[in-house]
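Each remark here refers to the structure printed beneath this line.
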Amino acid sequence: MVHFEKLVIPAASMGPMNPMPDIKNVSYIHAGYEMTDKVAEEEKKYIGKGMIPTMLPYRLQDGYDREKKPRAFQAAVVENDHVRAVFLPELGGRLYSIYNKDERKELLYVNPVFQPGNLGLRNAWFSGGVEFNVGIKGHNPLTCSPVFAAVDQTPEGEVLRLYEFERIRGVAYSVSAWVREDSPTLYLRCRIENRTDETKHMYWWSNIAVPETPGTRVIVPAQQSFLSFYNADHYILDKTAIPMADGVDVSYPTRIPSSRDFFYQIPDESPKWIASANEEGYGLLQCSTRRLFGRKMFVWGMGQGGRHWNEWLSEKGSAYIEIQAGLAHTQLEHIPMAGRTVWEWQEAYTLLKGDPKVLHGEYGEAVRAVRDCMKQRVGDPDEMHFPADETVTHTKLVCEGSGWGHVEEMLRGEPVSATLAFPKTNDPESAVWLDLLEKGNFPCHDPMEEPAGYVMGREWLEKLEALPEQNWYSLLQQGVIRYAMAAYGDGSVDGARKAWEQSLAVCENPWALRNLAMLYKNEYHIPKKAHEMLLNAFRLKPDCRALAVETAMQLTEDGSDEKWLELYDELSPELQAYGRLRLLRAVALLHIGRLEEAAAILNVDFVMPDVKEGELSVSYLWFELYRRLYAKEQGVPYDPEDEALLRAADEKYPLPKTLDFRMH
């Protein structure tokens, strides 16, 4: 049975999207990596392949805050007398909860709040439940966006189908959910459709959050694992035996000191599954058909930074780990998917219940106990049954996603999916592009109005160039398309530069100036020119938060700290209160020696909503600032090589947990 209801929880506002296109933001998307000599050559085949150079055509979702108010989310509920599963179509189709009614047990980590943090490809991400990550390494670009939700009628009961069109890879994907009338197991059928002639680099990980208790154990049928851990600016991929690694039983997350990814090497002949068990012998068992052969555990670690991240994304006392299932051995890989191809697999989620002495005893015995539970509840994972599409008698669309699937079908002249309907929607972001296709119209916005969205691809460029009259906005968009083409190796960024210069010649606007500034900074490496253009853009649009942040970053990087402080004083009170702009003000004050003023900003009460996973700016600034303050208090010169001075300063001014986001 499938029905819809409201889920009311405290929720932060998503706020406005960033209006500016992503110009060479590679470090934001994909951190670098290195591999130890334990990783064999044949295991490196797809590592690093298919990485993307820009998040275009998506805009960043970085306008969220930390003020939570009650919000009613649309919830799609799939249930029978034994199990109840809740999905959130407004939030990427996230599987929010799986509740076993027979044992009165929740199987997932259920986040009691909605609090975005800077962990996603487009910045915003939230913890909890099961997230379905498709296409690109990292969290789904649509994880904080609405997706379509439809109910299929079949002779075997109702099936919930969640789906969308992913714009970077150009594929349709879906997650269908179903429960048998007499079963406590939730079944999913996942599908990716590449209806183009091109081979696409593909990625999928079902990211499952489960509670971390003091005695939680993760059990998987493997004896070896890839091990990924974080350095200051890149990943290191190694290999280790499990469950014992360096004298530690790493099947217990609370015994692992810092953030780690374990990518388990399940033998080819073994069924594909992973489970978590608490001290009482209860937990979650997830298994799948063989296409989804990868399994992973992620832990935040037991350091102060890892503990803080758990609570930062939820509330005090929260703690979770992730157990995941993917299309590859590791998350550093994209797998080639041939054109005109459909990939499909099934997953099962069910209650793990066993003797705690066995599940927390010898590891091999624990593996056998979980396998026995799987046979009892699911049977052979490769023989799982799901109602076939051919048996669907009626489909009702309940929740609306974006308009991009419909726009893409209009552009291609053929469906993007053989099974999914992408109707015309009320999506304002895609509406202007639909008008271009249907009517040959393209607007000329007020140049102070923020751009509403972007596209990429030669077909769009040709349609814009064919317009009978060009305006500043059509030229701006041509530059964005040319930039994206160049980023993927089709042309040079000079074409983007010329289009933006033409846009400026037609009408002075901050958006072309800003884009040119990013080219001069990131592509031409002429910081003086970037500085000049960014300042001009900011003067035209001083109320744009994203533009203010980029300007502040540029000025504090090139030594123009006094200029940034002058501009900060002219900002609106709303922008002056914004966390990242306050941090950059503290950076400038530190640079020019106004330490006490910087400390008035960076203290235990400082909050920056968009601090990024792996970002060390806050802790770095804290140590730099308070070590200098300590030296000043002692009346001695600040010497960064004086270890005794640094230790004394850190002892007097320890980094507060509220500012600790270190993962290693």
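Letters A, B, ... mark the chains of the structure tokens in the order given; residue numbers begin at 1 per chain; ligand numbers begin at 1, in order shown.
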Within 7 Å of stretch 338-346 of chain A: each stretch 277-303 of chain A residue with its shortest pair, only C-alpha atoms, as JSON lines:
{"residue": "A:Ser288", "atom": "CA", "partner": "A:Gln346", "partner_atom": "CA", "distance": 5.5}
{"residue": "A:Thr289", "atom": "CA", "partner": "A:Gln346", "partner_atom": "CA", "distance": 5.6}
{"residue": "A:Arg291", "atom": "CA", "partner": "A:Trp345", "partner_atom": "CA", "distance": 6.2}
{"residue": "A:Leu292", "atom": "CA", "partner": "A:Trp345", "partner_atom": "CA", "distance": 6.8}
Give me a file of those residues, with C-alpha atoms, as a PDB file, in the first residue's frame.
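Saved file out16.pdb follows:
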ATOM      1  CA  SER A 288      21.121  -6.667  -3.541  1.00  0.00           C
ATOM      2  CA  THR A 289      21.455  -8.396  -6.858  1.00  0.00           C
ATOM      3  CA  ARG A 291      25.236  -5.538 -10.300  1.00  0.00           C
ATOM      4  CA  LEU A 292      25.400  -3.498  -7.085  1.00  0.00           C
TER       5      LEU A 292
END
Stretch 151-214 of chain A near stretch 448-460 of chain A within 12 Å: what's each residue's closest atom pair and its distance in Å to one decimal, counting only C-alpha atoms, ordered by chain then ascending residue number, as JSON lines?
{"residue": "A:Arg167", "atom": "CA", "partner": "A:Val455", "partner_atom": "CA", "distance": 8.9}
{"residue": "A:Ile168", "atom": "CA", "partner": "A:Met456", "partner_atom": "CA", "distance": 8.9}
{"residue": "A:Arg169", "atom": "CA", "partner": "A:Met456", "partner_atom": "CA", "distance": 11.5}
{"residue": "A:Gly170", "atom": "CA", "partner": "A:Gly457", "partner_atom": "CA", "distance": 10.8}
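Excluding A:Leu237 itself and any same-chain residue fewer than 2 positions from it, the protein and nucleic acid residues within 7 Å of it, counting only C-alpha atoms, are Glu34, Met35, Thr36, Phe226, Leu227, Ser228, Phe229 and Tyr235 of chain A.
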Give me, as a VMD selection string, all polymer residues having an atom no more than 10 Å from A:Asn426, counting only C-alpha atoms and skipping those fewer than 3 positions away in the same chain. chain A and resid 400 to 403 423 429 to 431
For the selection you just gave me, I'd like the residues written to a file as a short mmCIF file (atom, residue, chain, number, x, y, z; two decimals), in the first residue's frame, keeping N, CA and C atoms.
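As written to disk, out.cif reads:
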data_model
loop_
_atom_site.label_atom_id
_atom_site.label_comp_id
_atom_site.auth_asym_id
_atom_site.auth_seq_id
_atom_site.Cartn_x
_atom_site.Cartn_y
_atom_site.Cartn_z
N GLU A 400 5.56 16.52 -8.27
CA GLU A 400 6.20 17.05 -9.47
C GLU A 400 7.68 17.33 -9.22
N GLY A 401 8.51 16.92 -10.17
CA GLY A 401 9.93 17.23 -10.12
C GLY A 401 10.24 18.45 -10.95
N SER A 402 11.42 18.48 -11.55
CA SER A 402 11.83 19.63 -12.36
C SER A 402 11.25 19.52 -13.77
N GLY A 403 11.39 20.58 -14.53
CA GLY A 403 10.96 20.57 -15.92
C GLY A 403 12.05 20.16 -16.89
N PRO A 423 6.44 15.17 -17.74
CA PRO A 423 5.49 16.16 -18.26
C PRO A 423 6.03 17.58 -18.13
N GLU A 429 12.77 27.66 -13.53
CA GLU A 429 14.15 27.63 -13.99
C GLU A 429 14.26 27.12 -15.43
N SER A 430 13.45 26.13 -15.77
CA SER A 430 13.54 25.56 -17.12
C SER A 430 12.57 26.22 -18.10
N ALA A 431 11.64 27.03 -17.60
CA ALA A 431 10.58 27.57 -18.47
C ALA A 431 11.13 28.43 -19.60
#
For stretch 65-72 of chain A, work out the shell of residues within 10 Å, counting only C-alpha atoms and skipping chain neighbours fewer than 5 positions away, then give it as an mmCIF file with all heavy atoms, in the first residue's frame.
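Saved to result34.cif:
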data_model
loop_
_atom_site.group_PDB
_atom_site.id
_atom_site.type_symbol
_atom_site.label_atom_id
_atom_site.label_comp_id
_atom_site.auth_asym_id
_atom_site.auth_seq_id
_atom_site.Cartn_x
_atom_site.Cartn_y
_atom_site.Cartn_z
ATOM 1 N N GLU A 5 1.291 11.571 3.071
ATOM 2 C CA GLU A 5 0.923 12.323 4.265
ATOM 3 C C GLU A 5 1.965 13.417 4.480
ATOM 4 O O GLU A 5 2.908 13.564 3.699
ATOM 5 C CB GLU A 5 0.851 11.398 5.481
ATOM 6 C CG GLU A 5 2.152 10.676 5.792
ATOM 7 C CD GLU A 5 2.018 9.647 6.899
ATOM 8 O OE1 GLU A 5 1.057 8.855 6.873
ATOM 9 O OE2 GLU A 5 2.898 9.619 7.794
ATOM 10 N N LYS A 6 1.790 14.193 5.540
ATOM 11 C CA LYS A 6 2.728 15.264 5.851
ATOM 12 C C LYS A 6 3.650 14.831 6.995
ATOM 13 O O LYS A 6 3.214 14.247 7.985
ATOM 14 C CB LYS A 6 1.992 16.541 6.254
ATOM 15 C CG LYS A 6 1.156 17.150 5.133
ATOM 16 C CD LYS A 6 2.023 17.632 3.982
ATOM 17 C CE LYS A 6 1.196 18.313 2.896
ATOM 18 N NZ LYS A 6 2.013 18.750 1.750
ATOM 19 N N LEU A 7 4.927 15.115 6.839
ATOM 20 C CA LEU A 7 5.916 14.905 7.886
ATOM 21 C C LEU A 7 6.380 16.279 8.368
ATOM 22 O O LEU A 7 6.982 17.033 7.592
ATOM 23 C CB LEU A 7 7.108 14.098 7.358
ATOM 24 C CG LEU A 7 8.298 13.971 8.307
ATOM 25 C CD1 LEU A 7 7.949 13.022 9.457
ATOM 26 C CD2 LEU A 7 9.540 13.483 7.581
ATOM 27 N N VAL A 8 6.094 16.616 9.611
ATOM 28 C CA VAL A 8 6.446 17.927 10.154
ATOM 29 C C VAL A 8 7.661 17.782 11.067
ATOM 30 O O VAL A 8 7.617 17.059 12.065
ATOM 31 C CB VAL A 8 5.266 18.546 10.935
ATOM 32 C CG1 VAL A 8 5.656 19.919 11.483
ATOM 33 C CG2 VAL A 8 4.035 18.658 10.044
ATOM 34 N N ILE A 9 8.753 18.460 10.698
ATOM 35 C CA ILE A 9 9.967 18.450 11.516
ATOM 36 C C ILE A 9 10.565 19.856 11.505
ATOM 37 O O ILE A 9 10.287 20.654 10.592
ATOM 38 C CB ILE A 9 11.017 17.437 10.999
ATOM 39 C CG1 ILE A 9 11.388 17.733 9.540
ATOM 40 C CG2 ILE A 9 10.535 16.003 11.166
ATOM 41 C CD1 ILE A 9 12.536 16.878 9.021
ATOM 42 N N PRO A 10 11.402 20.190 12.489
ATOM 43 C CA PRO A 10 12.118 21.466 12.435
ATOM 44 C C PRO A 10 13.050 21.485 11.220
ATOM 45 O O PRO A 10 13.790 20.524 10.991
ATOM 46 C CB PRO A 10 12.913 21.486 13.740
ATOM 47 C CG PRO A 10 12.224 20.498 14.634
ATOM 48 C CD PRO A 10 11.689 19.436 13.728
ATOM 49 N N ALA A 11 12.996 22.559 10.446
ATOM 50 C CA ALA A 11 13.757 22.600 9.194
ATOM 51 C C ALA A 11 14.359 23.976 8.973
ATOM 52 O O ALA A 11 13.692 25.000 9.170
ATOM 53 C CB ALA A 11 12.856 22.229 8.015
ATOM 54 N N ALA A 12 15.615 23.997 8.574
ATOM 55 C CA ALA A 12 16.254 25.237 8.155
ATOM 56 C C ALA A 12 15.767 25.595 6.757
ATOM 57 O O ALA A 12 15.374 24.729 5.972
ATOM 58 C CB ALA A 12 17.772 25.075 8.160
ATOM 59 N N SER A 13 15.812 26.856 6.430
ATOM 60 C CA SER A 13 15.432 27.309 5.093
ATOM 61 C C SER A 13 16.554 27.008 4.107
ATOM 62 O O SER A 13 17.738 27.164 4.420
ATOM 63 C CB SER A 13 15.157 28.814 5.113
ATOM 64 O OG SER A 13 15.053 29.322 3.795
ATOM 65 N N MET A 14 16.196 26.577 2.895
ATOM 66 C CA MET A 14 17.190 26.381 1.840
ATOM 67 C C MET A 14 17.690 27.708 1.293
ATOM 68 O O MET A 14 18.801 27.794 0.771
ATOM 69 C CB MET A 14 16.594 25.546 0.702
ATOM 70 C CG MET A 14 16.600 24.056 0.964
ATOM 71 S SD MET A 14 18.266 23.364 1.048
ATOM 72 C CE MET A 14 18.791 23.571 -0.658
ATOM 73 N N GLY A 15 16.860 28.762 1.393
ATOM 74 C CA GLY A 15 17.269 30.064 0.892
ATOM 75 C C GLY A 15 17.413 30.078 -0.613
ATOM 76 O O GLY A 15 17.096 29.109 -1.309
ATOM 77 N N VAL A 113 15.727 16.539 12.400
ATOM 78 C CA VAL A 113 15.626 17.886 11.824
ATOM 79 C C VAL A 113 16.098 17.844 10.379
ATOM 80 O O VAL A 113 16.743 16.886 9.941
ATOM 81 C CB VAL A 113 16.481 18.914 12.610
ATOM 82 C CG1 VAL A 113 16.097 18.918 14.083
ATOM 83 C CG2 VAL A 113 17.980 18.627 12.448
ATOM 84 N N PHE A 114 15.767 18.895 9.642
ATOM 85 C CA PHE A 114 16.354 19.088 8.311
ATOM 86 C C PHE A 114 17.334 20.250 8.424
ATOM 87 O O PHE A 114 16.933 21.399 8.601
ATOM 88 C CB PHE A 114 15.286 19.393 7.271
ATOM 89 C CG PHE A 114 15.855 19.810 5.934
ATOM 90 C CD1 PHE A 114 16.590 18.919 5.174
ATOM 91 C CD2 PHE A 114 15.678 21.107 5.453
ATOM 92 C CE1 PHE A 114 17.136 19.303 3.944
ATOM 93 C CE2 PHE A 114 16.208 21.495 4.233
ATOM 94 C CZ PHE A 114 16.941 20.587 3.480
ATOM 95 N N GLN A 115 18.632 19.920 8.368
ATOM 96 C CA GLN A 115 19.665 20.942 8.471
ATOM 97 C C GLN A 115 20.726 20.726 7.394
ATOM 98 O O GLN A 115 21.577 19.853 7.517
ATOM 99 C CB GLN A 115 20.337 20.911 9.840
ATOM 100 C CG GLN A 115 21.478 21.905 9.990
ATOM 101 C CD GLN A 115 21.057 23.327 9.705
ATOM 102 O OE1 GLN A 115 20.291 23.905 10.463
ATOM 103 N NE2 GLN A 115 21.528 23.916 8.599
ATOM 104 N N PRO A 116 20.647 21.489 6.297
ATOM 105 C CA PRO A 116 21.670 21.340 5.261
ATOM 106 C C PRO A 116 23.053 21.742 5.773
ATOM 107 O O PRO A 116 23.197 22.608 6.644
ATOM 108 C CB PRO A 116 21.205 22.291 4.155
ATOM 109 C CG PRO A 116 19.759 22.548 4.439
ATOM 110 C CD PRO A 116 19.618 22.460 5.919
ATOM 111 N N GLY A 117 24.059 21.094 5.218
ATOM 112 C CA GLY A 117 25.447 21.438 5.451
ATOM 113 C C GLY A 117 26.200 21.339 4.136
ATOM 114 O O GLY A 117 25.688 20.801 3.145
ATOM 115 N N TRP A 312 26.397 18.854 14.227
ATOM 116 C CA TRP A 312 26.223 20.000 13.337
ATOM 117 C C TRP A 312 25.119 19.736 12.316
ATOM 118 O O TRP A 312 24.337 20.628 11.969
ATOM 119 C CB TRP A 312 27.547 20.292 12.632
ATOM 120 C CG TRP A 312 27.552 21.400 11.636
ATOM 121 C CD1 TRP A 312 27.532 21.294 10.274
ATOM 122 C CD2 TRP A 312 27.612 22.807 11.917
ATOM 123 N NE1 TRP A 312 27.582 22.529 9.686
ATOM 124 C CE2 TRP A 312 27.630 23.483 10.667
ATOM 125 C CE3 TRP A 312 27.656 23.564 13.082
ATOM 126 C CZ2 TRP A 312 27.686 24.872 10.566
ATOM 127 C CZ3 TRP A 312 27.718 24.950 12.981
ATOM 128 C CH2 TRP A 312 27.728 25.588 11.741
ATOM 129 N N LEU A 313 25.034 18.488 11.856
ATOM 130 C CA LEU A 313 24.047 18.116 10.854
ATOM 131 C C LEU A 313 22.705 17.714 11.465
ATOM 132 O O LEU A 313 21.769 17.407 10.736
ATOM 133 C CB LEU A 313 24.581 16.967 9.998
ATOM 134 C CG LEU A 313 25.768 17.324 9.105
ATOM 135 C CD1 LEU A 313 26.449 16.073 8.583
ATOM 136 C CD2 LEU A 313 25.343 18.215 7.955
ATOM 137 N N TYR A 578 26.289 37.557 7.789
ATOM 138 C CA TYR A 578 26.477 36.266 7.136
ATOM 139 C C TYR A 578 27.819 35.664 7.564
ATOM 140 O O TYR A 578 28.869 36.312 7.524
ATOM 141 C CB TYR A 578 26.417 36.441 5.624
ATOM 142 C CG TYR A 578 26.547 35.161 4.855
ATOM 143 C CD1 TYR A 578 25.593 34.161 4.965
ATOM 144 C CD2 TYR A 578 27.638 34.939 4.015
ATOM 145 C CE1 TYR A 578 25.712 32.975 4.265
ATOM 146 C CE2 TYR A 578 27.762 33.766 3.305
ATOM 147 C CZ TYR A 578 26.807 32.785 3.436
ATOM 148 O OH TYR A 578 26.932 31.606 2.739
ATOM 149 N N GLY A 579 27.799 34.391 7.970
ATOM 150 C CA GLY A 579 28.948 33.762 8.597
ATOM 151 C C GLY A 579 30.225 33.809 7.787
ATOM 152 O O GLY A 579 31.297 34.159 8.307
ATOM 153 N N VAL A 607 29.372 31.257 14.100
ATOM 154 C CA VAL A 607 28.636 30.268 13.307
ATOM 155 C C VAL A 607 28.798 30.604 11.824
ATOM 156 O O VAL A 607 28.546 31.737 11.407
ATOM 157 C CB VAL A 607 27.136 30.244 13.666
ATOM 158 C CG1 VAL A 607 26.383 29.276 12.754
ATOM 159 C CG2 VAL A 607 26.938 29.859 15.126
ATOM 160 N N MET A 608 29.207 29.614 11.034
ATOM 161 C CA MET A 608 29.286 29.762 9.584
ATOM 162 C C MET A 608 28.522 28.584 8.970
ATOM 163 O O MET A 608 29.030 27.461 8.919
ATOM 164 C CB MET A 608 30.738 29.780 9.104
ATOM 165 C CG MET A 608 30.884 30.045 7.614
ATOM 166 S SD MET A 608 32.588 30.429 7.105
ATOM 167 C CE MET A 608 33.383 28.828 7.322
ATOM 168 N N PRO A 609 27.286 28.796 8.508
ATOM 169 C CA PRO A 609 26.438 27.677 8.070
ATOM 170 C C PRO A 609 27.039 26.814 6.979
ATOM 171 O O PRO A 609 26.761 25.618 6.915
ATOM 172 C CB PRO A 609 25.166 28.380 7.577
ATOM 173 C CG PRO A 609 25.121 29.664 8.345
ATOM 174 C CD PRO A 609 26.560 30.078 8.479
ATOM 175 N N ASP A 610 27.860 27.397 6.090
ATOM 176 C CA ASP A 610 28.306 26.641 4.918
ATOM 177 C C ASP A 610 29.741 26.140 5.039
ATOM 178 O O ASP A 610 30.412 25.932 4.026
ATOM 179 C CB ASP A 610 28.142 27.494 3.657
ATOM 180 C CG ASP A 610 29.091 28.690 3.632
ATOM 181 O OD1 ASP A 610 29.419 29.205 4.724
ATOM 182 O OD2 ASP A 610 29.497 29.109 2.534
#
Mind checking which residues fall within 10 Å of A:Glu414, counting only C-alpha atoms, ignoring those fewer than 4 positions away in the same chain, and posting them as a VMD selection string? chain A and resid 195 to 196 408 to 410 418
With C-alpha atoms retained, export the selected residues as a PDB file, in the first residue's frame.
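Contents of part.pdb, as written:
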ATOM      1  CA  ARG A 195      19.080   6.815 -24.086  1.00  0.00           C
ATOM      2  CA  THR A 196      21.846   8.633 -25.969  1.00  0.00           C
ATOM      3  CA  GLU A 408      15.496  17.568 -22.780  1.00  0.00           C
ATOM      4  CA  GLU A 409      12.903  15.464 -24.579  1.00  0.00           C
ATOM      5  CA  MET A 410      11.881  18.505 -26.617  1.00  0.00           C
ATOM      6  CA  ALA A 418      11.293   4.119 -21.937  1.00  0.00           C
TER       7      ALA A 418
END
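Per DSSP on the backbone, strand (DSSP E or B) in stretch 111-164 of chain A comprises Phe114, Gly117, Asn118, Leu119, Gly120, Asn123, Ala124, Trp125, Val130, Glu131, Phe132, Asn133, Val134, Phe148, Ala149, Ala150, Val151, Asp152, Gln153, Thr154, Gly157, Glu158, Val159, Leu160, Arg161, Leu162, Tyr163 and Glu164 of chain A.
The two atoms in question, atom CA of A:Ile266 and atom CA of A:Pro221, are spaced 6.0 Å apart.
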Quick one: residues within 7 Å of A:Ser174, only C-alpha atoms, excluding same-chain residues fewer than 4 positions away - as a VMD selection string? chain A and resid 161 to 164 190 to 192
Please measure the separation of atom CA of A:Val218 and atom CA of A:Ala275, giving the value in Å to one decimal. 5.7 Å
Apply DSSP to the structure's backbone, then extract all residues of stretch 359-449 of chain A labelled alpha helix (DSSP H) and return them as a ChimeraX atom specification. /A:359,363-377,404-412,428-439
Between A:Gln331, A:Val86, A:Glu311, A:Gln61, which residue has the minimum interatomic distance to A:Asn133, considering only C-alpha atoms?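 Under the stated criterion, the closest residue is A:Gln331.
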Quote the spacing between atom CA of A:Ile601 and atom CA of A:Arg662 in Å to one decimal place. 19.9 Å
Between A:Trp178, A:Tyr64, A:Trp205, A:Trp309, which residue has the minimum interatomic distance to A:Ala124, considering only C-alpha atoms?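 The answer is A:Tyr64, which sits nearest to A:Ala124.
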